[in-house]
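What follows is a set of notes on a single structure, which appears directly below.
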Amino acid sequence: MTAVPKTAAAPTAINVPEDEALPPPQTPFRRFVSDFVESPLAVLGLIVFTIVLLIAVLAPYLSPQNPYDLMQLDIMNGKLPPGSQDMYGEMTFILGTDDQGRDLLSGIFYGLRISLFVGVASAFISLVIGAGVGLFAAYAGGRWDSFLMRIVDIQLSFPAILIALILLAVLGQGIDKIIVALVVTQWAYYARTVRGSALIERSKEYIEAAHCLGLGTKRIIFGHLLPNCMPPLIVVVTMRVAYAVMLEATLSFLGMGLPITEPSLGLLISNGFEYMLSGKYWISFFPGLALLITIVSINLVGDHMRDILNPRLQR
Amino acid sequence: MRKPLGILTVVAAVALMGSAQAADLTIGVKSEPNSMDPHYHNLSPNNMLAAAVFDKLVLQDEVQNKVPGLAESWEQLAPDAWQFNLRKDVTWHDGSPFTATDVEFTLGRAGNVPNSPSSFALYTKVIKGVEIVDDHTIILKTEGPFPLMVDYMSGVVIVSKKHGEGATTQDYNSGKAMVGTGPFKFAEWVPGDRIVYERNTDYWGSVPAWDKVIVKPISNESARTAALLAGDVDFIDFPATTDIPTLKKNSDVQISEIGSNRMIYLHIDSDRDESPFVADLEGNKMQKNPLKDARVRRAISLAINREAIAARVMEGLAVPAGQLMPPTVYATVPEIKPDPFDLEKAKELLQEAGWGDGFSLTIHGPNDRYVNDAKIAQAIAQMLTKAGIKTAVETMPKNVYFGKASALEFSLMLVGWASGSGEPSNPLRALLHTYDKEKGMGTTNRGRYSNPKMDNLVDTAMSAPTREEWAKLTQEATKVAMGDLGIIPIHYQVNVWAMRNGIDYKARADEYTLIQSIIPAM
Amino acid sequence: MLVFLIRRTSQSVLVLLIMSLLVFVGVYAIGNPVDILISPEADQAEIERVIQSLGLDRPIWEQYWIFLVHAVQGDLGNSFVYNQPALQLILERMPATLELAFAAIIISIVLGIPLGMIAGLRPDAWYSRMIMSVSILGFSLPTFWVGLMMIMVFAVMIGWLPASGRGDTVDLFGVPVSFLTWDGLQHLLLPAINLGLFKISLVIRLTRAGMRENLLMDYVKFAYAKGLSSSRVIFLHVLKNILVPIVTVVGLELGNVIAFAVVTESIFAWPGMGKLLIDSIGLLDRPIVVAYLLITVLMFIIINLVVDILYSVLDPRVRLGEMKS
């Protein structure tokens, strides 16, 4: 985490927005990068996350087995502890196998792919929809605000799990369906957060100043309102990616979500959990560890980015 | 709530020696009843707890043999008339005597509870007339010959006319009408939390050892096991199969198990030419449905390694099945053995039927209904894929699954069946008889298997003049159905209960947790 | 203010109406409850009798209309499964859920705000980093997994706390509560922590972010310049300012906590309405599902309203007048 010297002259909201006040030689991106590398933890997080991402993308080439091909699985290989050999002595299961005889290392690689895709895709789509709606509502105000916020209210008044359950029951199983379900449950959350902070920002003097300067609506929204709504939004996004992955795992726990022959990390964990009491820890432990590492690395990066992007913490 | 084990045992032992002092018992069960009204919903969790407060004319022992209950004996006077001789020493919990009028009242009430989601008319509607000979003798008459009256009377609890007349389901829930003849008196029901019973010291059978029994519903199986290990409860039903080895190793806990009458089987679309989830290897729809061919069904059966499923997926808590009920049950066919695992033979049969190159298929199954249901479906998919039938798996919660299965949306489905009356003509009629809405036959025949020869045998059996003749015809019908593989039996579940030391339970084939059967260990 | 309230109320009615329609149709789309409720041995006549007695033989719009007419009179219909008024079934179980939810929220605030303030005051100290790392763990683990882990460790291995159930209750103003008995409190602890875990992390992060921002603001500098003690600045001025987003989020989260209690309740066998809901979805008991949602939505609308009002009290720049039109 970056040290923030107390003596730093923090540009407060009264000032003209910072991109116009910047010294010319440094682009915002360069400054962002140089700020980012100041925190070793965040860099570590980024490195780990990059590795995780690479594993997810390259899973088919890295995995010793295709865990989704039933031809390659045999229940007689089921529940073997880490380091065991398969029945024919042809292959070693480094992290052991699950109840279907699936190599857990391969299962985790493929599972990472699915979990990350589901989490990131659903968070991104919800962000775009939600932030758009929230900003518009806050900026337009009046009837539009009221109308959109009622929709958000309707949306938020459904418990996320229930919408997802009903949607998945109607839609059936599959990655695309679970993304749809997660987006439907999450966009309103972003909308409300953005609208809430935009409402505060909007009543601040710098927006009035921007109005007085005769800046266009678009420019005020995207150039000034949005950046100032970013800090809470980034906190929410980092938590929501994690949340999306977790919601997916919970849905799997309740029996909805992804097809059982193509498990995500969440499904691997919930499948393995019932073996915990009987001492077969690895079935649920290693996928859990992979999930943990992934989420923690995302959060380390997001956490630090928030510090940097926050205009009120800037030097 | 928690009590040291030693004290429990001692106290229990003292109670058994006839001392006035006895102990409380707390048990954790998987499912909570949705009503105390014993005739409201024909559903296992309701039926098994109703049996604590109310008795039936005929009881079922641990393996569903029919033994005397409120009726001490019975006799078939004519093919269409059954006489039941009632016990004379029975009183209701309020002290009033039990008589034949209570039975008559019950038979009128059981099938007619308003808004019942599944009524007991199933067992009572065959009765067309009731004749009370004296206070303790009653004759039940049916329209035509009916051989299964004893089996049917083991499904309906007898309620008191005095308290039941005009009583609503709500009156039973509140406890107002909960006056039975059973070993326990009803004390209170706090929905979602507990049901409390107190012992009936005037019971006509053996008086329970526990002063008070507290039944707690804990639906999550890991939590239920944890509650036992933590000492919150003394006894649980349905521990997870995966936890059984651990429980067996734990010296504070013991296990009671028995082969169940619940058969897990595959239902196969053997009727339509174009089945929704059958395709060629490229996934294109086909005009021909290989599952209509009995040889293909036999190949599927041979490709399934039942021993492996029982050992690996079920952790030993399953017995491979070859017919509708375990061969120890009356009127089954002991000669029929489960198909052995024979991959070569399976491939040969597929070749012979013209499907040597294989085809593709999706197996559907529930994921919250039977023990390890989703895992069994996956294991079967592995095995069929190795035999050349490329099989995908789709599992879903039971609330989605059964609706779709009944709407014939699947081609191959994993299902289970347990006969409530404990006799094999019941699955023959429901699962294998040609679908006939009007006659109420083949109502759960989701594969629409149809063989007129078998239909005829079943129909004749149901109007057989005696139980022996019925049994013979039922056996013939079973042979025909299993020869065709109208359904493919996989295994019978093994029912398990786990308890703290010092307690005993006689495991039951019908999966019921009967609190009167939980006794202090000797 | 009055205009604002009236407007809000009429909008809320509309919300309830739309919501009930969506859920009604949604549950209808999942499947037919009779398929699950009825004994598999039942014949066609019996099946038809049940369909008719539950009113499922009518077209869906007619079923909805009947529901509406009754709902206006305060009758949300009888449960298919229990044959009791759905409202009554839910209200019976509501105190348990509310108790759990409030316990979780209180735990998250009591632990979260001080920890977040510590982490925000000295962001570089080792203990601040530790707080933040642990808070990351807090929302990186699935609730159901943590819950079962807690049972494993605290109930089974160490044996400190009971594994499940609600324990002894006493009546407080006619409502049974657990937190006033020792046994009940022991039963409450694990599920409340389990449910509150995610929220603790959330509150820590919000508090810390707020602290860090506010400490750099001019008013803090002015306050210090005026010679106010640092504890006075932090606890009076800064805390008041950071409470705004915390109140919003925690308020909004209360509804979510109640909804998420579904998972915690089924793991800890807590006899609340969340467990009833999950069971009812499983059995397609539509009257309960619809009634549950209507009640939750109603609570949510009230919470939102209260949050908006609090918002205007805590941050005068946001005026209710702005929201009224």
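The way I read the labels, and the way they are meant: chains A, B, ... in the order of the structure tokens, residue 1 as the first residue of every chain, and ligand 1 as the first ligand shown, with later ones counted on from there.
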Fill in: Residue neighbourhood range 276-280 of chain A, 8 Å, only C-alpha atoms, exclusion window fewer than 3 positions, as a ChimeraX atom specification
/A:79,81,272-273,283-284 /B:222,242-246 /C:152
Residue subset to file, keeping N, CA and C atoms, as a PDB file, in the first residue's frame:
ATOM      1  N   LYS A  79     -11.142 -40.878  -5.860  1.00  0.00           N
ATOM      2  CA  LYS A  79     -10.758 -40.542  -4.495  1.00  0.00           C
ATOM      3  C   LYS A  79      -9.352 -40.997  -4.117  1.00  0.00           C
ATOM      4  N   PRO A  81      -5.511 -40.401  -3.149  1.00  0.00           N
ATOM      5  CA  PRO A  81      -4.788 -39.285  -2.518  1.00  0.00           C
ATOM      6  C   PRO A  81      -3.713 -38.727  -3.452  1.00  0.00           C
ATOM      7  N   GLY A 272     -16.399 -31.849  -3.376  1.00  0.00           N
ATOM      8  CA  GLY A 272     -15.422 -32.455  -2.480  1.00  0.00           C
ATOM      9  C   GLY A 272     -15.751 -32.256  -1.022  1.00  0.00           C
ATOM     10  N   PHE A 273     -16.629 -31.294  -0.751  1.00  0.00           N
ATOM     11  CA  PHE A 273     -16.834 -30.973   0.646  1.00  0.00           C
ATOM     12  C   PHE A 273     -17.308 -32.150   1.479  1.00  0.00           C
ATOM     13  N   ILE A 283      -9.850 -33.304  -2.171  1.00  0.00           N
ATOM     14  CA  ILE A 283     -10.842 -33.088  -3.228  1.00  0.00           C
ATOM     15  C   ILE A 283     -11.397 -31.674  -3.154  1.00  0.00           C
ATOM     16  N   SER A 284     -11.552 -31.179  -1.945  1.00  0.00           N
ATOM     17  CA  SER A 284     -12.117 -29.852  -1.810  1.00  0.00           C
ATOM     18  C   SER A 284     -11.044 -28.821  -1.463  1.00  0.00           C
TER      19      SER A 284
ATOM     20  N   SER B 222     -24.116 -33.155   6.250  1.00  0.00           N
ATOM     21  CA  SER B 222     -22.870 -32.958   6.995  1.00  0.00           C
ATOM     22  C   SER B 222     -23.167 -32.348   8.361  1.00  0.00           C
ATOM     23  N   THR B 242     -20.370 -40.830   2.457  1.00  0.00           N
ATOM     24  CA  THR B 242     -18.938 -40.544   2.543  1.00  0.00           C
ATOM     25  C   THR B 242     -18.451 -40.477   3.986  1.00  0.00           C
ATOM     26  N   ASP B 243     -19.368 -40.218   4.905  1.00  0.00           N
ATOM     27  CA  ASP B 243     -18.959 -40.113   6.307  1.00  0.00           C
ATOM     28  C   ASP B 243     -19.000 -41.455   7.046  1.00  0.00           C
ATOM     29  N   ILE B 244     -19.580 -42.460   6.404  1.00  0.00           N
ATOM     30  CA  ILE B 244     -19.760 -43.739   7.098  1.00  0.00           C
ATOM     31  C   ILE B 244     -18.436 -44.342   7.573  1.00  0.00           C
ATOM     32  N   PRO B 245     -17.390 -44.379   6.691  1.00  0.00           N
ATOM     33  CA  PRO B 245     -16.127 -44.960   7.174  1.00  0.00           C
ATOM     34  C   PRO B 245     -15.612 -44.254   8.437  1.00  0.00           C
ATOM     35  N   THR B 246     -15.711 -42.918   8.471  1.00  0.00           N
ATOM     36  CA  THR B 246     -15.268 -42.166   9.646  1.00  0.00           C
ATOM     37  C   THR B 246     -16.104 -42.521  10.858  1.00  0.00           C
TER      38      THR B 246
ATOM     39  N   MET C 152     -17.068 -27.982  11.868  1.00  0.00           N
ATOM     40  CA  MET C 152     -16.001 -28.973  12.042  1.00  0.00           C
ATOM     41  C   MET C 152     -15.083 -28.595  13.201  1.00  0.00           C
TER      42      MET C 152
END
Just want the 10 Å neighbourhood of Leu37 in chain C, counted on only C-alpha atoms, with same-chain residues fewer than 2 positions away dropped. Output as an mmCIF file with C-alpha atoms, in the first residue's frame.
data_model
loop_
_atom_site.group_PDB
_atom_site.id
_atom_site.type_symbol
_atom_site.label_atom_id
_atom_site.label_comp_id
_atom_site.auth_asym_id
_atom_site.auth_seq_id
_atom_site.Cartn_x
_atom_site.Cartn_y
_atom_site.Cartn_z
ATOM 1 C CA HIS B 41 -50.041 -36.112 3.020
ATOM 2 C CA ASN B 42 -48.898 -39.604 2.127
ATOM 3 C CA LEU B 43 -45.215 -38.820 2.582
ATOM 4 C CA SER B 116 -54.329 -33.038 0.667
ATOM 5 C CA PRO B 117 -51.402 -32.917 -1.777
ATOM 6 C CA SER B 118 -51.360 -36.704 -1.993
ATOM 7 C CA ASN B 399 -38.364 -29.822 -8.573
ATOM 8 C CA ASN C 32 -45.820 -28.342 -11.634
ATOM 9 C CA PRO C 33 -45.843 -28.779 -7.844
ATOM 10 C CA VAL C 34 -48.191 -31.727 -8.119
ATOM 11 C CA ASP C 35 -45.425 -33.762 -9.786
ATOM 12 C CA SER C 39 -47.195 -39.946 -4.078
ATOM 13 C CA PRO C 40 -45.655 -41.604 -7.139
ATOM 14 C CA ILE C 47 -53.651 -36.400 -9.549
ATOM 15 C CA VAL C 50 -55.083 -32.555 -6.268
ATOM 16 C CA PHE C 80 -49.696 -26.195 -1.063
ATOM 17 C CA VAL C 81 -47.527 -28.276 1.211
ATOM 18 C CA LEU C 283 -41.314 -28.300 -3.506
ATOM 19 C CA LEU C 284 -42.554 -25.506 -5.800
ATOM 20 C CA ASP C 285 -44.797 -24.282 -3.007
#
Worksheet item: Got a sec to pull out which chain B residues are within 6 Å of chain C, counting only C-alpha atoms, and send them as a count of residues only?
Response: 16
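Here the question is which of C:Ala259, C:Ile200, C:Leu17, C:Val3 gets nearest to chain A using only C-alpha atoms, and that residue is C:Ala259.
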Practice prompt. Would you list the contacts of Gly175 in chain B as a list of chain:residue names, taking every protein, DNA or RNA residue within 12 Å and counting only C-alpha atoms, but skipping same-chain residues closer than 3 positions in sequence?
Written response: B:Ser35, B:Met36, B:Asp37, B:Pro38, B:Val53, B:His163, B:Gly164, B:Ala167, B:Thr168, B:Thr169, B:Gln170, B:Asp171, B:Tyr172, B:Met178, B:Val179, B:Gly180, B:Lys185, B:Phe186, B:Ala187, B:Glu188, B:Trp189, B:Val190, B:Ile195, B:Val196, B:Tyr197
Practice prompt. Skip Phe93 in chain A itself and residues of its chain fewer than 2 positions away, then list as a ChimeraX atom specification all residues within 9 Å of it, counting only C-alpha atoms.
Written response: /A:64,80-86,91,95-97,102-105
So that I have them on file, write out the residues from the current selection with N, CA and C atoms, as an mmCIF file, in the first residue's frame.
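Once everything was written out, this is again-v1.cif:
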data_model
loop_
_atom_site.group_PDB
_atom_site.id
_atom_site.type_symbol
_atom_site.label_atom_id
_atom_site.label_comp_id
_atom_site.auth_asym_id
_atom_site.auth_seq_id
_atom_site.Cartn_x
_atom_site.Cartn_y
_atom_site.Cartn_z
ATOM 1 N N PRO A 64 -2.519 -32.696 -17.658
ATOM 2 C CA PRO A 64 -2.162 -34.069 -18.006
ATOM 3 C C PRO A 64 -3.349 -34.866 -18.560
ATOM 4 N N LEU A 80 -8.435 -40.987 -5.092
ATOM 5 C CA LEU A 80 -7.056 -41.360 -4.777
ATOM 6 C C LEU A 80 -6.338 -40.164 -4.165
ATOM 7 N N PRO A 81 -5.511 -40.401 -3.149
ATOM 8 C CA PRO A 81 -4.788 -39.285 -2.518
ATOM 9 C C PRO A 81 -3.713 -38.727 -3.452
ATOM 10 N N PRO A 82 -3.229 -37.520 -3.167
ATOM 11 C CA PRO A 82 -2.205 -36.897 -4.011
ATOM 12 C C PRO A 82 -1.000 -37.806 -4.192
ATOM 13 N N GLY A 83 -0.485 -37.821 -5.409
ATOM 14 C CA GLY A 83 0.702 -38.615 -5.689
ATOM 15 C C GLY A 83 0.425 -40.044 -6.092
ATOM 16 N N SER A 84 -0.864 -40.437 -6.157
ATOM 17 C CA SER A 84 -1.171 -41.828 -6.506
ATOM 18 C C SER A 84 -1.007 -42.072 -8.001
ATOM 19 N N GLN A 85 -0.814 -43.355 -8.312
ATOM 20 C CA GLN A 85 -0.754 -43.780 -9.713
ATOM 21 C C GLN A 85 -2.138 -44.260 -10.127
ATOM 22 N N ASP A 86 -2.449 -44.189 -11.417
ATOM 23 C CA ASP A 86 -3.742 -44.726 -11.839
ATOM 24 C C ASP A 86 -3.667 -46.243 -11.941
ATOM 25 N N MET A 91 -0.163 -43.013 -15.234
ATOM 26 C CA MET A 91 -0.185 -41.590 -14.966
ATOM 27 C C MET A 91 -0.226 -41.355 -13.462
ATOM 28 N N LEU A 95 -2.210 -34.117 -7.543
ATOM 29 C CA LEU A 95 -3.057 -33.602 -6.460
ATOM 30 C C LEU A 95 -4.190 -34.580 -6.100
ATOM 31 N N GLY A 96 -4.065 -35.809 -6.578
ATOM 32 C CA GLY A 96 -5.109 -36.785 -6.278
ATOM 33 C C GLY A 96 -6.272 -36.702 -7.256
ATOM 34 N N THR A 97 -7.343 -37.456 -6.965
ATOM 35 C CA THR A 97 -8.495 -37.465 -7.862
ATOM 36 C C THR A 97 -9.774 -37.191 -7.073
ATOM 37 N N ARG A 102 -11.379 -38.155 -11.559
ATOM 38 C CA ARG A 102 -10.878 -37.034 -12.363
ATOM 39 C C ARG A 102 -9.593 -36.520 -11.730
ATOM 40 N N ASP A 103 -8.551 -36.337 -12.549
ATOM 41 C CA ASP A 103 -7.291 -35.779 -12.047
ATOM 42 C C ASP A 103 -7.549 -34.363 -11.552
ATOM 43 N N LEU A 104 -7.254 -34.115 -10.291
ATOM 44 C CA LEU A 104 -7.620 -32.812 -9.717
ATOM 45 C C LEU A 104 -6.794 -31.662 -10.285
ATOM 46 N N LEU A 105 -5.527 -31.928 -10.602
ATOM 47 C CA LEU A 105 -4.706 -30.864 -11.180
ATOM 48 C C LEU A 105 -5.347 -30.382 -12.483
#
Fill in: Those in range 74-303 of chain C with strand (DSSP E or B) from DSSP, as a count of residues only
8
Worksheet item: Pick the closest to chain B from A:Gln100, A:Thr238, A:Ser197, A:Ser297: which is it, counting only C-alpha atoms?
Response: A:Gln100
Close residues, range 242-256 of chain C itself excluded, 9 Å, only C-alpha atoms, min 5 positions apart in chain, as a CSV table (one decimal) with N, CA and C atoms, in the first residue's frame:
chain,number,residue,atom,x,y,z
A,156,LEU,N,-33.3,-5.2,-6.8
A,156,LEU,CA,-32.5,-5.5,-5.5
A,156,LEU,C,-33.4,-6.1,-4.5
A,157,SER,N,-34.7,-6.0,-4.7
A,157,SER,CA,-35.6,-6.6,-3.7
A,157,SER,C,-35.7,-8.1,-3.9
A,158,PHE,N,-35.3,-8.6,-5.0
A,158,PHE,CA,-35.2,-10.1,-5.1
A,158,PHE,C,-33.9,-10.5,-4.5
A,159,PRO,N,-33.9,-11.5,-3.6
A,159,PRO,CA,-32.6,-12.0,-3.2
A,159,PRO,C,-31.9,-12.6,-4.4
A,160,ALA,N,-30.6,-12.3,-4.5
A,160,ALA,CA,-29.8,-12.7,-5.7
A,160,ALA,C,-29.9,-14.2,-5.9
A,193,THR,N,-24.9,1.9,-6.5
A,193,THR,CA,-23.6,2.4,-5.9
A,193,THR,C,-23.2,3.7,-6.7
A,196,GLY,N,-25.5,6.5,-6.1
A,196,GLY,CA,-25.4,7.1,-4.8
A,196,GLY,C,-24.2,8.0,-4.7
A,197,SER,N,-23.0,7.6,-5.3
A,197,SER,CA,-21.9,8.5,-5.1
A,197,SER,C,-22.0,9.6,-6.2
C,101,ALA,N,-30.0,-12.2,11.4
C,101,ALA,CA,-29.5,-11.2,10.5
C,101,ALA,C,-29.0,-10.0,11.3
C,102,PHE,N,-29.8,-9.6,12.3
C,102,PHE,CA,-29.3,-8.4,13.1
C,102,PHE,C,-28.0,-8.8,13.9
C,105,ILE,N,-25.3,-8.4,11.4
C,105,ILE,CA,-25.0,-7.0,11.1
C,105,ILE,C,-24.3,-6.3,12.3
C,109,ILE,N,-20.6,-4.7,12.3
C,109,ILE,CA,-20.3,-3.3,12.7
C,109,ILE,C,-19.4,-3.2,13.9
C,199,LYS,N,-19.8,-9.4,5.6
C,199,LYS,CA,-20.1,-8.1,5.9
C,199,LYS,C,-19.0,-7.4,6.8
C,202,LEU,N,-16.6,-6.2,4.4
C,202,LEU,CA,-17.2,-5.1,3.7
C,202,LEU,C,-17.1,-3.8,4.5
C,203,VAL,N,-17.4,-3.9,5.8
C,203,VAL,CA,-17.4,-2.7,6.7
C,203,VAL,C,-16.0,-2.3,6.9
C,206,LEU,N,-14.9,-0.4,3.8
C,206,LEU,CA,-15.6,0.9,3.6
C,206,LEU,C,-15.0,1.9,4.6
C,207,THR,N,-14.9,1.4,5.9
C,207,THR,CA,-14.4,2.3,6.9
C,207,THR,C,-13.0,2.8,6.6
C,208,ARG,N,-12.2,1.9,6.2
C,208,ARG,CA,-10.8,2.2,5.9
C,208,ARG,C,-10.7,3.2,4.8
C,209,ALA,N,-11.4,2.9,3.7
C,209,ALA,CA,-11.4,3.8,2.6
C,209,ALA,C,-11.9,5.2,3.0
C,210,GLY,N,-13.0,5.2,3.8
C,210,GLY,CA,-13.5,6.5,4.2
C,210,GLY,C,-12.5,7.3,5.1
C,211,MET,N,-11.9,6.5,6.0
C,211,MET,CA,-10.9,7.1,6.9
C,211,MET,C,-9.8,7.8,6.1
C,214,ASN,N,-11.0,10.9,4.2
C,214,ASN,CA,-11.4,12.0,5.1
C,214,ASN,C,-10.2,12.6,5.8
C,237,HIS,N,-15.7,14.0,14.1
C,237,HIS,CA,-15.9,14.6,12.7
C,237,HIS,C,-15.7,13.5,11.7
C,261,ALA,N,-29.3,-15.5,4.5
C,261,ALA,CA,-29.5,-16.4,5.6
C,261,ALA,C,-30.0,-17.8,5.2
C,296,THR,N,-40.2,-9.9,2.0
C,296,THR,CA,-38.8,-9.4,1.9
C,296,THR,C,-38.8,-8.0,1.1
C,297,VAL,N,-39.5,-8.0,0.0
C,297,VAL,CA,-39.5,-6.7,-0.7
C,297,VAL,C,-40.0,-5.6,0.1
C,299,MET,N,-39.9,-5.3,3.3
C,299,MET,CA,-38.9,-4.9,4.3
C,299,MET,C,-37.8,-4.1,3.5
C,300,PHE,N,-37.5,-4.5,2.3
C,300,PHE,CA,-36.5,-3.8,1.6
C,300,PHE,C,-36.9,-2.4,1.3
C,303,ILE,N,-36.5,-0.5,4.3
C,303,ILE,CA,-35.1,-0.2,4.6
C,303,ILE,C,-34.5,0.9,3.7
C,304,ASN,N,-34.9,0.8,2.4
C,304,ASN,CA,-34.4,1.8,1.5
C,304,ASN,C,-34.9,3.2,1.9
C,306,VAL,N,-35.7,4.2,4.9
C,306,VAL,CA,-35.0,4.7,6.1
C,306,VAL,C,-33.6,5.1,5.7
C,307,VAL,N,-32.9,4.3,4.8
C,307,VAL,CA,-31.6,4.7,4.4
C,307,VAL,C,-31.6,6.1,3.8
C,308,ASP,N,-32.5,6.3,2.9
C,308,ASP,CA,-32.6,7.6,2.2
C,308,ASP,C,-32.8,8.7,3.2
C,310,LEU,N,-32.0,8.7,6.5
C,310,LEU,CA,-30.8,8.8,7.2
C,310,LEU,C,-29.7,9.5,6.5
C,311,TYR,N,-29.6,9.2,5.2
C,311,TYR,CA,-28.7,9.8,4.3
C,311,TYR,C,-28.8,11.3,4.3
C,314,LEU,N,-27.6,12.6,7.6
C,314,LEU,CA,-26.1,12.6,7.8
C,314,LEU,C,-25.4,13.5,6.8
C,315,ASP,N,-25.9,13.6,5.6
C,315,ASP,CA,-25.2,14.4,4.7
C,315,ASP,C,-26.2,15.4,4.1
Worksheet entry | Who sits within 9 Å of Val237 in chain A, only C-alpha atoms, same chain under 4 positions skipped, as a PyMOL selection string | chain A and resi 123-124+127+190+232-233+241-242+302
Export N, CA and C atoms of the chosen residues as a compact mmCIF listing (two decimals), in the first residue's frame?
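Wrote out-v3.txt, looks like this:
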# COMPACT_ATOMS: atom_id res chain seq x y z
N ALA A 123 -19.12 -9.83 -14.21
CA ALA A 123 -18.85 -8.56 -13.53
C ALA A 123 -18.74 -7.44 -14.56
N PHE A 124 -18.07 -7.72 -15.65
CA PHE A 124 -17.87 -6.68 -16.65
C PHE A 124 -19.20 -6.25 -17.28
N LEU A 127 -21.16 -4.32 -14.86
CA LEU A 127 -20.56 -3.00 -14.63
C LEU A 127 -21.01 -2.03 -15.70
N TYR A 190 -24.45 -2.27 -9.03
CA TYR A 190 -23.55 -1.24 -9.55
C TYR A 190 -24.32 0.06 -9.77
N PRO A 232 -15.37 4.15 -5.10
CA PRO A 232 -16.29 3.13 -4.56
C PRO A 232 -16.58 2.04 -5.57
N LEU A 233 -16.60 2.41 -6.85
CA LEU A 233 -16.93 1.43 -7.88
C LEU A 233 -15.87 0.34 -7.95
N VAL A 241 -16.36 -9.46 -8.47
CA VAL A 241 -15.80 -10.57 -9.25
C VAL A 241 -15.71 -11.78 -8.33
N ALA A 242 -15.15 -11.52 -7.14
CA ALA A 242 -15.05 -12.59 -6.17
C ALA A 242 -16.45 -13.13 -5.84
N GLY A 302 -6.78 -4.91 -7.17
CA GLY A 302 -7.89 -3.96 -7.14
C GLY A 302 -7.77 -2.96 -6.00
Worksheet item: Can you list, as an NGL selection string, every protein, DNA or RNA residue that comes within 10 Å of range 69-85 of chain B when you count only C-alpha atoms, leaving out same-chain residues fewer than 2 positions away?
Response: :B and (54-60 or 66-67 or 87-90 or 98-100 or 103 or 127-150 or 153-154 or 157-158 or 181-182 or 204-205 or 463-467)
Closest pair table for chain A residues within 8 Å of chain B, only C-alpha atoms, as a tab-separated table:
residue	atom	partner	partner_atom	distance
A:Leu70	CA	B:Gln382	CA	5.2
A:Met71	CA	B:Lys386	CA	6.1
A:Leu73	CA	B:Gln382	CA	6.8
A:Asp74	CA	B:Gln382	CA	6.8
A:Ile75	CA	B:Ala379	CA	6.5
A:Met76	CA	B:Arg312	CA	6.8
A:Gly78	CA	B:Arg312	CA	7.2
A:Asp99	CA	B:Val313	CA	7.2
A:Gln100	CA	B:Ala379	CA	6.8
A:Ala169	CA	B:Val400	CA	6.7
A:Gly255	CA	B:Pro397	CA	5.9
A:Met256	CA	B:Met396	CA	6.6
A:Pro259	CA	B:Glu394	CA	6.3
A:Ile260	CA	B:Thr395	CA	7.0
A:Thr261	CA	B:Val393	CA	6.6
A:Glu274	CA	B:Thr242	CA	6.6
A:Tyr275	CA	B:Thr242	CA	5.8
A:Leu277	CA	B:Asp243	CA	6.2
A:Ser278	CA	B:Thr246	CA	5.2
A:Gly279	CA	B:Thr246	CA	7.9
